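Q: Structure provided below as structure tokens; questions to follow.
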Amino acid sequence: MNNLIELINAELPQFQCGRCDTPGCRPYAEEIVKGSPHNRCVPGGQDTLIKISNILGKDSILLDEDYGPELKPQVAHIIEEDCIGCKKCIDACPVDAITGSANLMHNVINDLCTGCELCIEPCPVDCIELIEVEKDQSLKVRNHSEYFFNLKIELHNRKKKKSKMNKNIAENLDIADSINQKLKNRNIDKEASLRNLQIEILESQKNEKHIKSSDLEVLKKQL
Ligand code: SF4
Ligand code: SF4
Ligand code: SF4
């Protein structure tokens, strides 16, 4: 089963774009092996579909065009003078191919950009264009895109974990504060508690030690 996943994944185009309704190419290969239709990777085109059909030993079918456009070998390019540094493209990029900080100009790292087009739509000022590249150049980038895709997921999960830990720490500190405050305000009269305890003991021994009621009252007053 794992070999089949590897074989299918090797034929998928590695845009890591999620258009097939799974988070990336390998998850889609896993879904295909579980029985999902194998014609949803529209970015890979009919060539990819034929290769996957051959691996599965199935007749070739048509691409399900509902799952997105076929993609050309291309890279994104940011028009520097128009970029407002909003970071929306960074969030959208599945392989972290865009650098830049808030309010500063952003750039695309060509060696990482698969040309998946996911950054185009979120850009509020429409300053990202696509430039066609040689097929070899595009394949070279896409051949290692899975690594950067997984890295982005790992970093995202770590950030989530860290913010959860920080939230838990803050909550625990709040709980500790309120316990300390309650302890500080607690008003225990140790002497009264001791006296009550001694009275209880005297009462319980009254019969056993033949203590008269009048003597008991005297003893209580001496406490
Ligand atoms: S290229 Fe996009 S649509 Fe095709 S398998 Fe990979 S993630 Fe899915
Ligand atoms: S920069 Fe844009 S086109 Fe390139 S990989 Fe990232 S989201 Fe896709
Ligand atoms: S989304 Fe557009 S404007 Fe915002 S940082 Fe990216 S390129 Fe610049």
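Chain labels follow the order of the structure tokens: the first chain is A, the next B, and so on; residue numbering restarts at 1 in every chain, and ligands are counted from 1 in their shown order.
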List as JSON lines every residue of chain A that is in contact with ligand 3, defined as an atom at most 9 Å from one of its atoms (using only C-alpha atoms and all ligand atoms), together with the nearest atom pair and the distance in Å rounded to one decimal, sorted by chain and then rising number.

A:
```
{"residue": "A:His77", "atom": "CA", "partner": "ligand 3", "partner_atom_place_in_ligand_line": "7 (S)", "distance": 8.5}
{"residue": "A:Ile78", "atom": "CA", "partner": "ligand 3", "partner_atom_place_in_ligand_line": "7 (S)", "distance": 5.5}
{"residue": "A:Ile79", "atom": "CA", "partner": "ligand 3", "partner_atom_place_in_ligand_line": "7 (S)", "distance": 7.4}
{"residue": "A:Glu80", "atom": "CA", "partner": "ligand 3", "partner_atom_place_in_ligand_line": "8 (Fe)", "distance": 7.7}
{"residue": "A:Asp82", "atom": "CA", "partner": "ligand 3", "partner_atom_place_in_ligand_line": "3 (S)", "distance": 6.9}
{"residue": "A:Cys83", "atom": "CA", "partner": "ligand 3", "partner_atom_place_in_ligand_line": "8 (Fe)", "distance": 3.8}
{"residue": "A:Ile84", "atom": "CA", "partner": "ligand 3", "partner_atom_place_in_ligand_line": "3 (S)", "distance": 4.4}
{"residue": "A:Gly85", "atom": "CA", "partner": "ligand 3", "partner_atom_place_in_ligand_line": "5 (S)", "distance": 3.7}
{"residue": "A:Cys86", "atom": "CA", "partner": "ligand 3", "partner_atom_place_in_ligand_line": "4 (Fe)", "distance": 3.9}
{"residue": "A:Lys87", "atom": "CA", "partner": "ligand 3", "partner_atom_place_in_ligand_line": "5 (S)", "distance": 4.1}
{"residue": "A:Lys88", "atom": "CA", "partner": "ligand 3", "partner_atom_place_in_ligand_line": "1 (S)", "distance": 4.4}
{"residue": "A:Cys89", "atom": "CA", "partner": "ligand 3", "partner_atom_place_in_ligand_line": "1 (S)", "distance": 4.2}
{"residue": "A:Ile90", "atom": "CA", "partner": "ligand 3", "partner_atom_place_in_ligand_line": "6 (Fe)", "distance": 6.5}
{"residue": "A:Asp91", "atom": "CA", "partner": "ligand 3", "partner_atom_place_in_ligand_line": "1 (S)", "distance": 8.9}
{"residue": "A:Ala92", "atom": "CA", "partner": "ligand 3", "partner_atom_place_in_ligand_line": "1 (S)", "distance": 8.8}
{"residue": "A:Ile98", "atom": "CA", "partner": "ligand 3", "partner_atom_place_in_ligand_line": "6 (Fe)", "distance": 8.1}
{"residue": "A:Thr99", "atom": "CA", "partner": "ligand 3", "partner_atom_place_in_ligand_line": "5 (S)", "distance": 9.0}
{"residue": "A:Gly100", "atom": "CA", "partner": "ligand 3", "partner_atom_place_in_ligand_line": "5 (S)", "distance": 7.4}
{"residue": "A:Ser101", "atom": "CA", "partner": "ligand 3", "partner_atom_place_in_ligand_line": "5 (S)", "distance": 8.1}
{"residue": "A:Ala102", "atom": "CA", "partner": "ligand 3", "partner_atom_place_in_ligand_line": "5 (S)", "distance": 7.5}
{"residue": "A:Asn103", "atom": "CA", "partner": "ligand 3", "partner_atom_place_in_ligand_line": "5 (S)", "distance": 7.6}
{"residue": "A:Leu104", "atom": "CA", "partner": "ligand 3", "partner_atom_place_in_ligand_line": "5 (S)", "distance": 7.6}
{"residue": "A:Met105", "atom": "CA", "partner": "ligand 3", "partner_atom_place_in_ligand_line": "8 (Fe)", "distance": 6.3}
{"residue": "A:His106", "atom": "CA", "partner": "ligand 3", "partner_atom_place_in_ligand_line": "5 (S)", "distance": 5.4}
{"residue": "A:Asn107", "atom": "CA", "partner": "ligand 3", "partner_atom_place_in_ligand_line": "7 (S)", "distance": 7.6}
{"residue": "A:Val108", "atom": "CA", "partner": "ligand 3", "partner_atom_place_in_ligand_line": "7 (S)", "distance": 8.9}
{"residue": "A:Cys119", "atom": "CA", "partner": "ligand 3", "partner_atom_place_in_ligand_line": "1 (S)", "distance": 7.0}
{"residue": "A:Ile120", "atom": "CA", "partner": "ligand 3", "partner_atom_place_in_ligand_line": "1 (S)", "distance": 7.7}
{"residue": "A:Glu121", "atom": "CA", "partner": "ligand 3", "partner_atom_place_in_ligand_line": "1 (S)", "distance": 8.5}
{"residue": "A:Pro122", "atom": "CA", "partner": "ligand 3", "partner_atom_place_in_ligand_line": "1 (S)", "distance": 6.0}
{"residue": "A:Cys123", "atom": "CA", "partner": "ligand 3", "partner_atom_place_in_ligand_line": "1 (S)", "distance": 3.6}
{"residue": "A:Pro124", "atom": "CA", "partner": "ligand 3", "partner_atom_place_in_ligand_line": "2 (Fe)", "distance": 6.0}
{"residue": "A:Val125", "atom": "CA", "partner": "ligand 3", "partner_atom_place_in_ligand_line": "3 (S)", "distance": 5.6}
{"residue": "A:Asp126", "atom": "CA", "partner": "ligand 3", "partner_atom_place_in_ligand_line": "2 (Fe)", "distance": 6.3}
{"residue": "A:Cys127", "atom": "CA", "partner": "ligand 3", "partner_atom_place_in_ligand_line": "2 (Fe)", "distance": 5.5}
{"residue": "A:Ile128", "atom": "CA", "partner": "ligand 3", "partner_atom_place_in_ligand_line": "7 (S)", "distance": 5.7}
```

Q: Which polymer residues have any atom within 12 Å of an atom of range 45-60 of chain A, counting only C-alpha atoms, with same-chain residues fewer than 3 positions away left out, as a ChimeraX atom specification?

A: /A:1,3-14,28-29,32-42,63-65,67-73

Q: Residues of the last selection are to be written out with C-alpha atoms, as an mmCIF file, in the first residue's frame.

A:
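Once written, result_24.cif looks like this:
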```
data_model
loop_
_atom_site.group_PDB
_atom_site.id
_atom_site.type_symbol
_atom_site.label_atom_id
_atom_site.label_comp_id
_atom_site.auth_asym_id
_atom_site.auth_seq_id
_atom_site.Cartn_x
_atom_site.Cartn_y
_atom_site.Cartn_z
ATOM 1 C CA MET A 1 0.000 0.000 0.000
ATOM 2 C CA ASN A 3 4.566 1.624 -2.374
ATOM 3 C CA LEU A 4 1.415 2.481 -4.273
ATOM 4 C CA ILE A 5 1.166 5.807 -2.450
ATOM 5 C CA GLU A 6 4.807 6.533 -3.344
ATOM 6 C CA LEU A 7 4.251 5.640 -6.998
ATOM 7 C CA ILE A 8 1.186 7.882 -7.280
ATOM 8 C CA ASN A 9 2.789 10.725 -5.359
ATOM 9 C CA ALA A 10 5.802 10.601 -7.685
ATOM 10 C CA GLU A 11 3.500 11.269 -10.645
ATOM 11 C CA LEU A 12 1.528 14.090 -9.020
ATOM 12 C CA PRO A 13 2.793 17.551 -10.032
ATOM 13 C CA GLN A 14 3.754 18.686 -6.502
ATOM 14 C CA TYR A 28 -4.193 13.104 -2.249
ATOM 15 C CA ALA A 29 -2.118 10.043 -3.219
ATOM 16 C CA ILE A 32 -6.626 7.783 -4.120
ATOM 17 C CA VAL A 33 -5.274 4.557 -2.629
ATOM 18 C CA LYS A 34 -8.216 4.574 -0.194
ATOM 19 C CA GLY A 35 -10.605 4.784 -3.162
ATOM 20 C CA SER A 36 -11.159 8.486 -3.936
ATOM 21 C CA PRO A 37 -11.539 9.403 -7.626
ATOM 22 C CA HIS A 38 -8.118 9.845 -9.226
ATOM 23 C CA ASN A 39 -9.095 12.601 -11.677
ATOM 24 C CA ARG A 40 -9.059 15.582 -9.310
ATOM 25 C CA CYS A 41 -5.536 16.862 -9.860
ATOM 26 C CA VAL A 42 -6.467 19.275 -12.609
ATOM 27 C CA LEU A 63 -10.227 15.315 -15.548
ATOM 28 C CA ASP A 64 -12.895 16.617 -13.207
ATOM 29 C CA GLU A 65 -12.668 20.281 -14.198
ATOM 30 C CA TYR A 67 -11.176 20.902 -9.189
ATOM 31 C CA GLY A 68 -9.382 23.832 -10.745
ATOM 32 C CA PRO A 69 -7.343 25.035 -13.681
ATOM 33 C CA GLU A 70 -4.454 23.270 -15.358
ATOM 34 C CA LEU A 71 -1.259 25.118 -14.373
ATOM 35 C CA LYS A 72 1.639 26.108 -16.619
ATOM 36 C CA PRO A 73 5.313 26.059 -15.616
#
```

Q: Per DSSP on the backbone, what are the strand (DSSP E or B) residues of range 35-174 of chain A, as an MDAnalysis selection string?

A: chainID A and resid 74:78 98:99 107:108 128:132

Q: Take the residues that were just selected and, keeping C-alpha atoms, output them as an mmCIF file, in the first residue's frame.

A:
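Writing done, so here's result.cif:
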```cif
data_model
loop_
_atom_site.group_PDB
_atom_site.id
_atom_site.type_symbol
_atom_site.label_atom_id
_atom_site.label_comp_id
_atom_site.auth_asym_id
_atom_site.auth_seq_id
_atom_site.Cartn_x
_atom_site.Cartn_y
_atom_site.Cartn_z
ATOM 1 C CA GLN A 74 5.511 29.486 -13.988
ATOM 2 C CA VAL A 75 6.674 31.515 -11.016
ATOM 3 C CA ALA A 76 5.046 34.380 -9.178
ATOM 4 C CA HIS A 77 6.618 37.828 -9.215
ATOM 5 C CA ILE A 78 5.709 40.724 -6.915
ATOM 6 C CA ILE A 98 7.540 34.548 -0.096
ATOM 7 C CA THR A 99 9.710 36.664 2.187
ATOM 8 C CA ASN A 107 9.638 39.049 -2.583
ATOM 9 C CA VAL A 108 9.179 35.623 -4.141
ATOM 10 C CA ILE A 128 1.499 39.667 -8.088
ATOM 11 C CA GLU A 129 2.022 38.537 -11.642
ATOM 12 C CA LEU A 130 2.951 35.153 -13.107
ATOM 13 C CA ILE A 131 5.940 34.646 -15.334
ATOM 14 C CA GLU A 132 6.268 31.565 -17.518
#
```

Q: Using DSSP secondary structure from the backbone, list all helix (DSSP H, G or I) positions within range 2-214 of chain A, as a VMD selection string.

A: chain A and resid 2 to 11 25 to 34 42 to 56 65 to 67 80 to 82 88 to 92 135 to 143 145 to 185 190 to 205 213 to 214

Q: Keeping only C-alpha atoms, take the residues you just selected and write them out as a compact mmCIF listing (two decimals), in the first residue's frame.

A:
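Output (result-v2.txt):
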```txt
# COMPACT_ATOMS: atom_id res chain seq x y z
CA ASN A 2 2.83 2.43 0.91
CA ASN A 3 4.57 1.62 -2.37
CA LEU A 4 1.42 2.48 -4.27
CA ILE A 5 1.17 5.81 -2.45
CA GLU A 6 4.81 6.53 -3.34
CA LEU A 7 4.25 5.64 -7.00
CA ILE A 8 1.19 7.88 -7.28
CA ASN A 9 2.79 10.72 -5.36
CA ALA A 10 5.80 10.60 -7.69
CA GLU A 11 3.50 11.27 -10.64
CA CYS A 25 -0.09 16.00 -3.13
CA ARG A 26 0.89 13.12 -0.82
CA PRO A 27 -2.41 13.30 1.11
CA TYR A 28 -4.19 13.10 -2.25
CA ALA A 29 -2.12 10.04 -3.22
CA GLU A 30 -3.22 8.47 0.09
CA GLU A 31 -6.86 9.31 -0.63
CA ILE A 32 -6.63 7.78 -4.12
CA VAL A 33 -5.27 4.56 -2.63
CA LYS A 34 -8.22 4.57 -0.19
CA VAL A 42 -6.47 19.27 -12.61
CA PRO A 43 -3.23 21.32 -12.20
CA GLY A 44 -1.30 18.23 -13.33
CA GLY A 45 -3.37 17.95 -16.50
CA GLN A 46 -4.38 14.95 -18.59
CA ASP A 47 -0.77 13.64 -18.72
CA THR A 48 -0.70 13.17 -14.94
CA LEU A 49 -4.12 11.56 -15.01
CA ILE A 50 -3.05 9.02 -17.65
CA LYS A 51 0.05 8.08 -15.61
CA ILE A 52 -2.03 7.57 -12.45
CA SER A 53 -4.65 5.56 -14.35
CA ASN A 54 -1.82 3.31 -15.60
CA ILE A 55 -0.46 2.81 -12.08
CA LEU A 56 -3.93 1.88 -10.83
CA GLU A 65 -12.67 20.28 -14.20
CA ASP A 66 -14.50 21.32 -10.99
CA TYR A 67 -11.18 20.90 -9.19
CA GLU A 80 7.70 45.89 -5.73
CA GLU A 81 6.45 49.47 -6.04
CA ASP A 82 2.82 48.41 -5.61
CA LYS A 88 -1.59 38.02 2.94
CA CYS A 89 0.43 36.28 0.20
CA ILE A 90 2.78 34.78 2.84
CA ASP A 91 -0.15 33.16 4.62
CA ALA A 92 -1.53 31.80 1.35
CA LYS A 135 9.37 23.17 -17.78
CA ASP A 136 12.70 21.87 -16.41
CA GLN A 137 13.02 24.81 -14.04
CA SER A 138 9.48 24.31 -12.78
CA LEU A 139 9.99 20.55 -12.30
CA LYS A 140 13.23 21.14 -10.38
CA VAL A 141 11.38 23.37 -7.90
CA ARG A 142 8.38 21.07 -7.59
CA ASN A 143 10.55 18.02 -6.98
CA SER A 145 8.26 21.24 -2.76
CA GLU A 146 6.99 18.49 -0.43
CA TYR A 147 9.83 19.21 1.99
CA PHE A 148 9.00 22.94 2.22
CA PHE A 149 5.27 22.19 2.37
CA ASN A 150 5.79 19.87 5.37
CA LEU A 151 8.15 22.39 6.96
CA LYS A 152 5.49 25.10 6.79
CA ILE A 153 2.93 22.77 8.41
CA GLU A 154 5.40 21.86 11.15
CA LEU A 155 6.20 25.52 11.87
CA HIS A 156 2.51 26.36 11.91
CA ASN A 157 1.81 23.51 14.37
CA ARG A 158 4.70 24.60 16.58
CA LYS A 159 3.38 28.17 16.66
CA LYS A 160 -0.08 26.85 17.57
CA LYS A 161 1.40 24.64 20.29
CA LYS A 162 3.47 27.53 21.67
CA SER A 163 0.49 29.89 21.79
CA LYS A 164 -1.57 27.13 23.49
CA MET A 165 1.23 26.66 26.05
CA ASN A 166 1.42 30.43 26.63
CA LYS A 167 -2.36 30.51 27.11
CA ASN A 168 -2.15 27.61 29.61
CA ILE A 169 0.69 29.30 31.48
CA ALA A 170 -1.33 32.53 31.70
CA GLU A 171 -4.41 30.60 32.93
CA ASN A 172 -2.34 28.71 35.54
CA LEU A 173 -0.84 31.98 36.78
CA ASP A 174 -4.36 33.41 37.15
CA ILE A 175 -5.47 30.33 39.13
CA ALA A 176 -2.38 30.55 41.38
CA ASP A 177 -3.07 34.25 41.97
CA SER A 178 -6.66 33.64 43.00
CA ILE A 179 -5.64 30.75 45.34
CA ASN A 180 -2.98 32.93 46.98
CA GLN A 181 -5.49 35.72 47.39
CA LYS A 182 -8.01 33.36 49.04
CA LEU A 183 -5.32 32.01 51.39
CA LYS A 184 -4.32 35.54 52.30
CA ASN A 185 -7.93 36.48 53.11
CA LYS A 190 -6.67 28.72 65.76
CA GLU A 191 -7.33 29.31 69.48
CA ALA A 192 -11.11 29.05 69.08
CA SER A 193 -10.71 25.87 67.00
CA LEU A 194 -8.48 24.31 69.68
CA ARG A 195 -10.92 25.26 72.43
CA ASN A 196 -13.86 23.74 70.55
CA LEU A 197 -11.89 20.57 70.01
CA GLN A 198 -11.04 20.29 73.73
CA ILE A 199 -14.71 20.83 74.66
CA GLU A 200 -15.70 18.08 72.24
CA ILE A 201 -13.20 15.70 73.91
CA LEU A 202 -14.44 16.58 77.41
CA GLU A 203 -18.07 16.03 76.38
CA SER A 204 -17.25 12.65 74.87
CA GLN A 205 -15.45 11.54 78.04
CA SER A 213 -22.18 18.41 84.71
CA SER A 214 -21.24 21.19 87.12
```
